Amino acid sequence: MNKTIVLDKRPIGKPKMSDFKITDQEMPKEGAGELLLKTTYISVDPYLRGRMSDAKSYIDPFKLNEPISSGIVAEVISSTNDQYSKGDFVSGMLAWKEYQTASANAVYKVDGDKAPLSAYLGILGMTGLTAYLGLHQIGAPKKGETLVVSGAAGAVGSVVGQIGKILGLRVVGIAGTDEKVAMLKEDFGFDEGINYNTTENMAKAIADACPQGVDIYFDNVGGEISDGVLLNINRFARMVICGAISLYNETQMPVGPRVQPFLVKNSALMQGFIVSNYADKFPEAIAQLASWLGEGKLTYKETIVDGFENTPQAFMDLFVGKNKGKMIVKV
Ligand SMILES: NC(=O)c1ccc[n+]([C@@H]2O[C@H](COP(=O)([O-])OP(=O)(O)OC[C@H]3O[C@@H](n4cnc5c(N)ncnc54)[C@H](OP(=O)(O)O)[C@@H]3O)[C@@H](O)[C@H]2O)c1
């Protein structure tokens, strides 16, 4: 049989195991021009939380009792399409199923000889692109500036900080444990790290870590951490609003300081974005990330969870920071 994970209930607050259901479905058979795929790696991502709610967003909600989907790397088991052969590996937005069929234009080939297959879900995939394009397109980094990154030990944040260092910025990362803060400095080359769980006054901690103020804030978490950064922005600062994981499970939106006076006083920019806004720039971004990886200027971490049925738990663990770098499930 073919194990499949469906959304059983829309989560209220923090997602729970009972919001998901593992079902057995029929083995699929590929139609003309299609591929039969066996899932190898599944990406779990914070944004999936938004798709589990039925609120209006930039992407449709998941349907109840239907499989959840996310970035997946899969092996071609059989193919009726000339472009693909048995044994090829592909990536695409696919369903949380052990086996599935896909049309050839819904996936693209990935090369396990060029990079580990899991990397196509992280550093050479959506999160690497988000880091590179968000920082460049909105952050407009200039050598010597100060960059603060929240969610710094995660998939996007750890890459943003390293790119900041490559570009000659002072980089300060915010993460949830001392171990992660040490990793930011020792493994990723950040200049300073702040553990938000042991910091009582975030605004002061940022001021201490950023004596020249904050020119760019790459925000992955929102909420009180970001309030503390806002109090330290420089004139013409750019705030790259990538994500707000601290708020995704809130049932009532907390209200923080009103941002307008800070933006006016500092002629500052605060801009949200979705990585797909910059789809035309994906090839150049991937080429640059791959080249920095090859030169050893960029590195990455992954937290790999074993077992298809552990996919919902791996997803839920993002909200308690169990991952370092990209959270991925190996099937
Ligand atoms: N705009 C886009 O196109 C786009 C694309 C990809 C991702 N994103 C967003 O970027 C952010 C990072 O995504 P990712 O895939 O790289 O995930 P990630 O950072 O690898 O994993 C999530 C991390 O968030 C931290 N976290 C969890 N709850 C938190 C809280 N209440 N307060 C502060 N930190 C918390 C945890 O680290 P700690 O241990 O440090 O708490 C956890 O490891 C997310 O907000 C995501 O939605 C946006």
# chains A, B, ... in the order shown; residues from 1 in each chain; ligands from 1
>>> residues_near_ligand(ligand="ligand 1", cutoff="7 Å", atoms="only C-alpha atoms and all ligand atoms", output="number ranges by chain")
A: 45-47, 126-127, 130, 151-157, 174-177, 220-221, 242-247, 273-276, 318-327
>>> residues_around(residues="stretch 248-250 of chain A", least_positions_apart="2", cutoff="8 Å", atoms="only C-alpha atoms", output="list in words")
Ile12, Gly13, Lys14, Pro15, Arg49, Gly50, Ala244, Ile245, Ser246, Gln252 and Met253 of chain A
>>> write_last_selection(atoms="all heavy atoms", output="short mmCIF file (atom, residue, chain, number, x, y, z; two decimals), in the first residue's frame")
data_model
loop_
_atom_site.label_atom_id
_atom_site.label_comp_id
_atom_site.auth_asym_id
_atom_site.auth_seq_id
_atom_site.Cartn_x
_atom_site.Cartn_y
_atom_site.Cartn_z
N ILE A 12 -5.93 24.54 15.47
CA ILE A 12 -6.27 25.77 16.19
C ILE A 12 -5.11 26.00 17.14
O ILE A 12 -4.79 25.14 17.96
CB ILE A 12 -7.60 25.62 16.96
CG1 ILE A 12 -8.71 25.37 15.93
CG2 ILE A 12 -7.91 26.86 17.80
CD1 ILE A 12 -10.01 24.91 16.53
N GLY A 13 -4.43 27.14 17.02
CA GLY A 13 -3.21 27.35 17.80
C GLY A 13 -2.12 26.42 17.29
O GLY A 13 -1.97 26.21 16.09
N LYS A 14 -1.37 25.84 18.24
CA LYS A 14 -0.27 24.94 17.85
C LYS A 14 -0.80 23.70 17.16
O LYS A 14 -1.71 23.06 17.69
CB LYS A 14 0.49 24.49 19.10
CG LYS A 14 1.55 25.44 19.54
CD LYS A 14 2.41 24.77 20.60
CE LYS A 14 3.54 25.70 20.97
NZ LYS A 14 4.35 25.25 22.07
N PRO A 15 -0.24 23.29 16.03
CA PRO A 15 -0.69 22.04 15.40
C PRO A 15 -0.45 20.84 16.33
O PRO A 15 0.51 20.84 17.10
CB PRO A 15 0.18 21.93 14.14
CG PRO A 15 0.78 23.27 13.95
CD PRO A 15 0.83 23.95 15.27
N ARG A 49 2.11 25.98 7.84
CA ARG A 49 1.12 26.27 8.89
C ARG A 49 0.01 27.17 8.34
O ARG A 49 -1.17 26.97 8.64
CB ARG A 49 1.81 26.94 10.09
CG ARG A 49 0.88 27.38 11.22
CD ARG A 49 0.20 26.20 11.88
NE ARG A 49 -0.77 26.61 12.88
CZ ARG A 49 -2.04 26.92 12.63
NH1 ARG A 49 -2.48 26.90 11.39
NH2 ARG A 49 -2.86 27.25 13.60
N GLY A 50 0.41 28.17 7.55
CA GLY A 50 -0.58 29.09 6.96
C GLY A 50 -1.54 28.35 6.05
O GLY A 50 -2.74 28.63 6.04
N ALA A 244 7.21 35.25 10.06
CA ALA A 244 6.80 35.68 11.40
C ALA A 244 6.41 34.44 12.21
O ALA A 244 5.30 34.34 12.74
CB ALA A 244 5.64 36.67 11.28
N ILE A 245 7.35 33.51 12.32
CA ILE A 245 7.00 32.21 12.93
C ILE A 245 6.49 32.36 14.35
O ILE A 245 5.67 31.55 14.80
CB ILE A 245 8.18 31.20 12.85
CG1 ILE A 245 7.70 29.79 13.19
CG2 ILE A 245 9.36 31.62 13.70
CD1 ILE A 245 8.68 28.68 12.88
N SER A 246 6.91 33.41 15.07
CA SER A 246 6.43 33.54 16.46
C SER A 246 4.94 33.84 16.50
O SER A 246 4.33 33.76 17.57
CB SER A 246 7.22 34.63 17.20
OG SER A 246 6.78 35.92 16.81
N GLN A 252 -5.06 35.03 18.54
CA GLN A 252 -5.37 36.48 18.56
C GLN A 252 -4.06 37.23 18.37
O GLN A 252 -3.11 37.03 19.15
CB GLN A 252 -5.97 36.85 19.91
CG GLN A 252 -7.46 36.60 19.95
CD GLN A 252 -8.12 37.47 20.99
OE1 GLN A 252 -7.69 37.48 22.14
NE2 GLN A 252 -9.16 38.19 20.60
N MET A 253 -3.99 38.07 17.37
CA MET A 253 -2.74 38.74 17.05
C MET A 253 -2.34 39.72 18.16
O MET A 253 -3.09 40.63 18.47
CB MET A 253 -2.95 39.51 15.75
CG MET A 253 -1.93 39.36 14.66
SD MET A 253 -0.69 38.10 14.77
CE MET A 253 -1.24 36.94 13.57
#
>>> closest_residue(among="A:Glu309, A:Asp191, A:Asp280, A:Asp82", to="A:Arg170", atoms="only C-alpha atoms")
A:Asp191
>>> residues_around(residues="A:Phe236", least_positions_apart="4", cutoff="12 Å", atoms="only C-alpha atoms", output="list in words")
Gly139, Ala140, Pro141, Glu145, Gly213, Val214, Asp215, Ile216, Tyr217, Phe262, Leu263, Val264, Lys265, Asn266, Ser267, Ala268, Leu269 and Met270 of chain A
>>> write_last_selection(atoms="C-alpha atoms", output="PDB file, in the first residue's frame")
ATOM      1  CA  GLY A 139      18.023  44.387   2.031  1.00  0.00           C
ATOM      2  CA  ALA A 140      20.229  46.066  -0.623  1.00  0.00           C
ATOM      3  CA  PRO A 141      23.365  45.239   1.416  1.00  0.00           C
ATOM      4  CA  GLU A 145      26.719  47.867   7.180  1.00  0.00           C
ATOM      5  CA  GLY A 213      22.907  50.647  14.865  1.00  0.00           C
ATOM      6  CA  VAL A 214      21.007  48.326  12.492  1.00  0.00           C
ATOM      7  CA  ASP A 215      21.049  48.981   8.731  1.00  0.00           C
ATOM      8  CA  ILE A 216      19.316  45.767   7.617  1.00  0.00           C
ATOM      9  CA  TYR A 217      16.996  43.543   9.599  1.00  0.00           C
ATOM     10  CA  PHE A 262      10.043  54.593  13.638  1.00  0.00           C
ATOM     11  CA  LEU A 263       9.754  54.296   9.874  1.00  0.00           C
ATOM     12  CA  VAL A 264       9.128  58.030   9.382  1.00  0.00           C
ATOM     13  CA  LYS A 265      11.846  59.169  11.778  1.00  0.00           C
ATOM     14  CA  ASN A 266      14.418  56.918  10.088  1.00  0.00           C
ATOM     15  CA  SER A 267      13.182  57.100   6.471  1.00  0.00           C
ATOM     16  CA  ALA A 268      13.184  53.320   6.816  1.00  0.00           C
ATOM     17  CA  LEU A 269      11.739  50.625   4.583  1.00  0.00           C
ATOM     18  CA  MET A 270       9.770  47.629   5.869  1.00  0.00           C
TER      19      MET A 270
END
>>> atom_distance(atom1="atom CA of A:Gln212", atom2="atom CA of A:Gly164")
15.9 Å
>>> atom_distance(atom1="atom CA of A:Met316", atom2="atom CA of A:Gly222")
18.4 Å
>>> closest_atom_pairs(of="stretch 77-192 of chain A", to="stretch 295-303 of chain A", cutoff="8 Å", atoms="only C-alpha atoms", output="Markdown table")
| residue | atom | partner | partner_atom | distance |
| --- | --- | --- | --- | --- |
| A:Ile123 | CA | A:Tyr300 | CA | 6.8 |
| A:Ala155 | CA | A:Lys301 | CA | 7.7 |
| A:Ser158 | CA | A:Tyr300 | CA | 7.5 |
| A:Val159 | CA | A:Tyr300 | CA | 7.3 |
| A:Gln162 | CA | A:Leu298 | CA | 6.5 |
| A:Ile163 | CA | A:Leu298 | CA | 7.6 |
| A:Ile166 | CA | A:Lys297 | CA | 7.2 |
| A:Phe188 | CA | A:Thr299 | CA | 7.3 |
>>> atom_distance(atom1="atom CA of A:Lys109", atom2="atom CA of A:Val90")
4.3 Å
>>> residues_around(residues="A:Glu284", least_positions_apart="4", cutoff="12 Å", atoms="only C-alpha atoms", output="PyMOL selection string")
chain A and resi 124+129+132-133+278-280+288-291
>>> select_by_dssp(residues="stretch 79-200 of chain A", states="alpha helix (DSSP H)", output="count of residues only")
29
